[in-house]
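K.L.:
Input file: input38.csv. Contents: CSV, C-alpha atoms.
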```
chain,number,residue,atom,x,y,z
M,1,MET,CA,99.2,114.6,121.9
M,2,HIS,CA,102.3,114.2,119.8
M,3,GLU,CA,105.6,116.0,120.2
M,4,GLY,CA,108.4,116.5,117.7
M,5,GLY,CA,111.2,118.7,116.6
M,6,CYS,CA,114.2,119.3,114.4
M,7,THR,CA,117.3,117.3,114.0
M,8,CYS,CA,119.5,119.6,116.2
M,9,GLY,CA,116.9,120.1,119.0
M,10,GLU,CA,116.6,123.9,118.7
M,11,VAL,CA,112.9,123.7,117.7
M,12,ARG,CA,110.4,121.6,119.6
M,13,PHE,CA,106.6,121.5,119.1
M,14,ARG,CA,103.5,119.7,120.2
M,15,MET,CA,100.3,118.8,118.4
M,16,THR,CA,97.5,119.6,120.8
M,17,THR,CA,95.0,117.4,118.9
M,18,ALA,CA,94.9,114.7,116.4
M,19,PRO,CA,95.3,115.8,112.8
M,20,MET,CA,92.4,116.1,110.4
M,21,PHE,CA,93.8,113.7,107.9
M,22,VAL,CA,97.2,112.3,106.9
M,23,HIS,CA,98.6,112.3,103.3
M,24,CYS,CA,101.5,110.3,101.9
M,25,CYS,CA,102.4,112.3,98.8
M,26,HIS,CA,104.4,110.7,96.1
M,27,CYS,CA,104.6,113.7,93.7
M,28,ARG,CA,108.0,114.6,92.2
M,29,GLN,CA,108.1,117.9,94.0
M,30,CYS,CA,107.8,116.2,97.4
M,31,GLN,CA,110.4,113.7,96.3
M,32,ARG,CA,112.8,116.5,95.4
M,33,ALA,CA,112.0,118.6,98.5
M,34,THR,CA,112.6,115.7,100.9
M,35,GLY,CA,115.3,113.9,99.1
M,36,SER,CA,113.2,110.8,99.5
M,37,ALA,CA,110.5,108.7,97.9
M,38,PHE,CA,107.6,110.6,99.4
M,39,VAL,CA,106.5,112.8,102.3
M,40,VAL,CA,104.0,112.1,105.0
M,41,ASN,CA,102.0,115.2,106.1
M,42,ALA,CA,99.5,115.5,108.9
M,43,LEU,CA,96.9,118.2,108.0
M,44,ILE,CA,96.2,120.2,111.2
M,45,GLU,CA,95.1,123.7,112.2
M,46,THR,CA,98.0,126.1,112.8
M,47,ASP,CA,96.6,127.0,116.2
M,48,ARG,CA,96.8,123.3,117.2
M,49,ILE,CA,100.6,123.3,116.9
M,50,GLU,CA,102.2,124.6,120.1
M,51,ILE,CA,105.8,125.8,119.8
M,52,LEU,CA,107.6,124.6,122.9
M,53,GLN,CA,111.0,125.9,122.0
M,54,GLY,CA,112.6,127.9,119.2
M,55,SER,CA,111.2,129.8,116.3
M,56,PRO,CA,110.7,128.0,112.9
M,57,ARG,CA,111.1,130.3,109.9
M,58,ALA,CA,109.2,130.2,106.7
M,59,THR,CA,111.2,129.6,103.5
M,60,PRO,CA,109.4,129.9,100.1
M,61,GLY,CA,109.6,127.1,97.6
M,62,PRO,CA,107.9,125.7,94.5
M,63,SER,CA,104.9,123.5,94.4
M,64,GLU,CA,103.5,121.3,91.6
M,65,SER,CA,100.1,123.1,91.8
M,66,GLY,CA,101.8,126.5,91.2
M,67,ARG,CA,100.4,127.8,94.5
M,68,PRO,CA,102.8,129.4,97.0
M,69,HIS,CA,104.5,126.9,99.3
M,70,ASP,CA,106.2,128.0,102.5
M,71,VAL,CA,108.2,125.4,104.4
M,72,TYR,CA,108.7,126.1,108.0
M,73,ARG,CA,112.2,125.1,109.1
M,74,CYS,CA,114.5,125.2,112.1
M,75,PRO,CA,116.7,128.2,111.5
M,76,ALA,CA,119.8,126.3,112.7
M,77,CYS,CA,119.7,122.8,111.0
M,78,LEU,CA,117.0,123.6,108.4
M,79,THR,CA,114.9,120.6,109.2
M,80,ALA,CA,111.5,120.9,107.5
M,81,LEU,CA,108.8,120.9,110.2
M,82,TRP,CA,105.6,121.8,108.4
M,83,SER,CA,104.3,123.5,105.3
M,84,ASP,CA,101.8,126.1,104.3
M,85,TYR,CA,100.5,125.3,100.8
M,86,GLY,CA,98.8,128.2,99.2
M,87,ARG,CA,99.4,130.8,102.0
M,88,ARG,CA,96.5,129.6,104.1
M,89,PRO,CA,97.7,130.7,107.5
M,90,ALA,CA,95.2,128.7,109.5
M,91,LEU,CA,96.2,125.3,108.0
M,92,ARG,CA,99.5,123.4,108.2
M,93,PHE,CA,100.9,120.2,106.7
M,94,LEU,CA,103.0,118.9,109.5
M,95,ARG,CA,105.9,116.6,108.6
M,96,VAL,CA,105.1,113.3,110.4
M,97,GLY,CA,108.8,112.4,110.1
M,98,ALA,CA,109.6,115.3,112.5
M,99,LEU,CA,107.5,113.7,115.3
M,100,ASP,CA,109.2,111.8,118.0
M,101,GLU,CA,107.0,108.8,117.2
M,102,PRO,CA,106.2,109.1,113.5
M,103,ALA,CA,104.7,105.6,113.4
M,104,ALA,CA,101.8,106.9,115.5
M,105,LEU,CA,100.3,108.7,112.4
M,106,PRO,CA,100.1,106.3,109.5
M,107,PRO,CA,98.7,107.8,106.2
M,108,ASP,CA,95.0,107.8,105.5
M,109,VAL,CA,95.7,108.1,101.7
M,110,HIS,CA,98.5,107.9,99.2
M,111,ILE,CA,98.3,110.7,96.6
M,112,PHE,CA,100.0,111.4,93.3
M,113,THR,CA,101.0,107.8,93.0
M,114,ARG,CA,101.4,108.3,89.2
M,115,SER,CA,104.9,109.3,90.1
M,116,LYS,CA,105.5,106.8,92.9
M,117,LEU,CA,108.8,105.1,92.7
M,118,PRO,CA,108.4,101.6,91.4
M,119,TRP,CA,110.0,99.9,94.4
M,120,VAL,CA,107.5,101.5,96.9
M,121,ASN,CA,104.9,98.9,97.9
M,122,LEU,CA,101.4,100.3,98.7
M,123,SER,CA,99.8,97.2,100.1
M,124,GLY,CA,98.6,98.8,103.3
M,125,GLU,CA,95.2,99.9,104.4
M,126,ALA,CA,95.4,103.5,103.1
M,127,ALA,CA,93.5,104.4,100.0
M,128,VAL,CA,95.6,105.0,96.9
M,129,PHE,CA,95.0,107.7,94.3
M,130,GLU,CA,96.9,108.3,91.1
M,131,VAL,CA,96.5,112.1,91.5
M,132,TYR,CA,94.1,113.4,94.2
M,133,TYR,CA,90.8,112.4,95.7
M,134,ASP,CA,87.3,113.5,96.6
M,135,MET,CA,87.7,114.9,100.2
M,136,ALA,CA,84.0,114.5,101.0
M,137,ALA,CA,84.3,110.8,100.2
M,138,GLN,CA,87.5,110.2,102.2
M,139,TRP,CA,87.6,112.5,105.2
M,140,PRO,CA,85.6,111.8,108.3
M,141,ALA,CA,82.8,114.3,108.9
M,142,GLU,CA,84.5,115.8,111.9
M,143,SER,CA,87.6,116.5,110.0
M,144,LEU,CA,85.7,118.1,107.2
M,145,ALA,CA,83.9,120.4,109.7
M,146,ARG,CA,87.3,121.3,111.2
M,147,ARG,CA,88.7,122.2,107.8
M,148,ARG,CA,85.6,124.3,106.9
M,149,ALA,CA,86.0,126.1,110.3
M,150,VAL,CA,89.5,127.3,109.4
M,151,LEU,CA,89.2,127.8,105.6
M,152,GLY,CA,85.6,128.6,105.1
M,153,ASP,CA,83.3,126.7,102.7
M,154,VAL,CA,85.7,124.8,100.5
```
Step by step, read the file and then write its structure as structure tokens.

P.N.:
Amino acid sequence: MHEGGCTCGEVRFRMTTAPMFVHCCHCRQCQRATGSAFVVNALIETDRIEILQGSPRATPGPSESGRPHDVYRCPACLTALWSDYGRRPALRFLRVGALDEPAALPPDVHIFTRSKLPWVNLSGEAAVFEVYYDMAAQWPAESLARRRAVLGDV
């Protein structure tokens, strides 16, 4: 479906299906980790990311939730490609900015907007939440079923 990779070209990957859901996170940790105003993550099953070239490596980092957070990066240029929040090996938060066509996956929701930078305008179609949201109310039924299949009853 969508291909992407790191800045130097050592790592290339393909999403084999559409993501379950797309977050635009405005928390301070994401701002620090990306050096930007927010991060856009496509939530997808790990087995639906096909590595075409290279071997991303996990680097541990902090998270606002306190759960473990491993960022998978190109070993050469250190571009962040996806994350594993909470050491859940079956689920990844793929960095939409690492895709060749990042505009193809707009966010479904904006989260942690309590720390959104004041000059970021959220007038688009995506739902906006000061902190987090009720997944059952926001996610499509098919996506909830996919999430349950990889994480169990959550």

K.L.:
Report the distance between CA of Ile111 in chain M and CA of Phe129 in chain M in Å, rounded to one decimal place.

P.N.:
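These two atoms are separated by 5.0 Å.
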
K.L.:
Would you kindly return, as a PyMOL selection string, each protein, DNA or RNA residue with an atom no farther than 6 Å from any atom of range 45-58 of chain M, considering all atoms listed in the file and excluding same-chain residues fewer than 3 positions away?

P.N.:
chain M and resi 10-16+70-74+90-92

K.L.:
Skip Cys77 in chain M itself and residues of its chain fewer than 5 positions away, then list as a list in words all residues within 8 Å of it, counting all atoms listed in the file.

P.N.:
Cys6, Thr7 and Cys8 of chain M

K.L.:
Would you give me, as CSV, each residue of range 24-80 of chain M having an atom within 10 Å of an atom of range 132-144 of chain M, along with its shortest atom pair and that distance in Å to one decimal, using all atoms listed in the file and sorting by chain and residue number?

P.N.:
```
residue,atom,partner,partner_atom,distance
M:Cys25,CA,M:Tyr132,CA,9.6
M:Leu43,CA,M:Ser143,CA,9.7
M:Ile44,CA,M:Ser143,CA,9.4
```

K.L.:
Quote the spacing between CA of Gly4 in chain M and CA of Trp119 in chain M in Å to one decimal place.

P.N.:
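Interatomic distance, CA of Gly4 in chain M to CA of Trp119 in chain M: 28.7 Å.
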
K.L.:
Considering only C-alpha atoms, can you say which of M:Val109, M:Ala149, M:Glu101, M:Ala80 comes closest to Thr34 in chain M?

P.N.:
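Of the candidates, the smallest distance to Thr34 in chain M is held by M:Ala80.
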
K.L.:
Counting only C-alpha atoms, which of M:Ser36, M:Cys27, M:Leu151, M:Thr79 gets nearest to Arg114 in chain M?

P.N.:
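Of the candidates, the smallest distance to Arg114 in chain M is held by M:Cys27.
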
K.L.:
So what do you get for CA of Glu130 in chain M versus CA of Pro106 in chain M, distance-wise?

P.N.:
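CA of Pro106 in chain M lies at a distance of 18.8 Å from CA of Glu130 in chain M.
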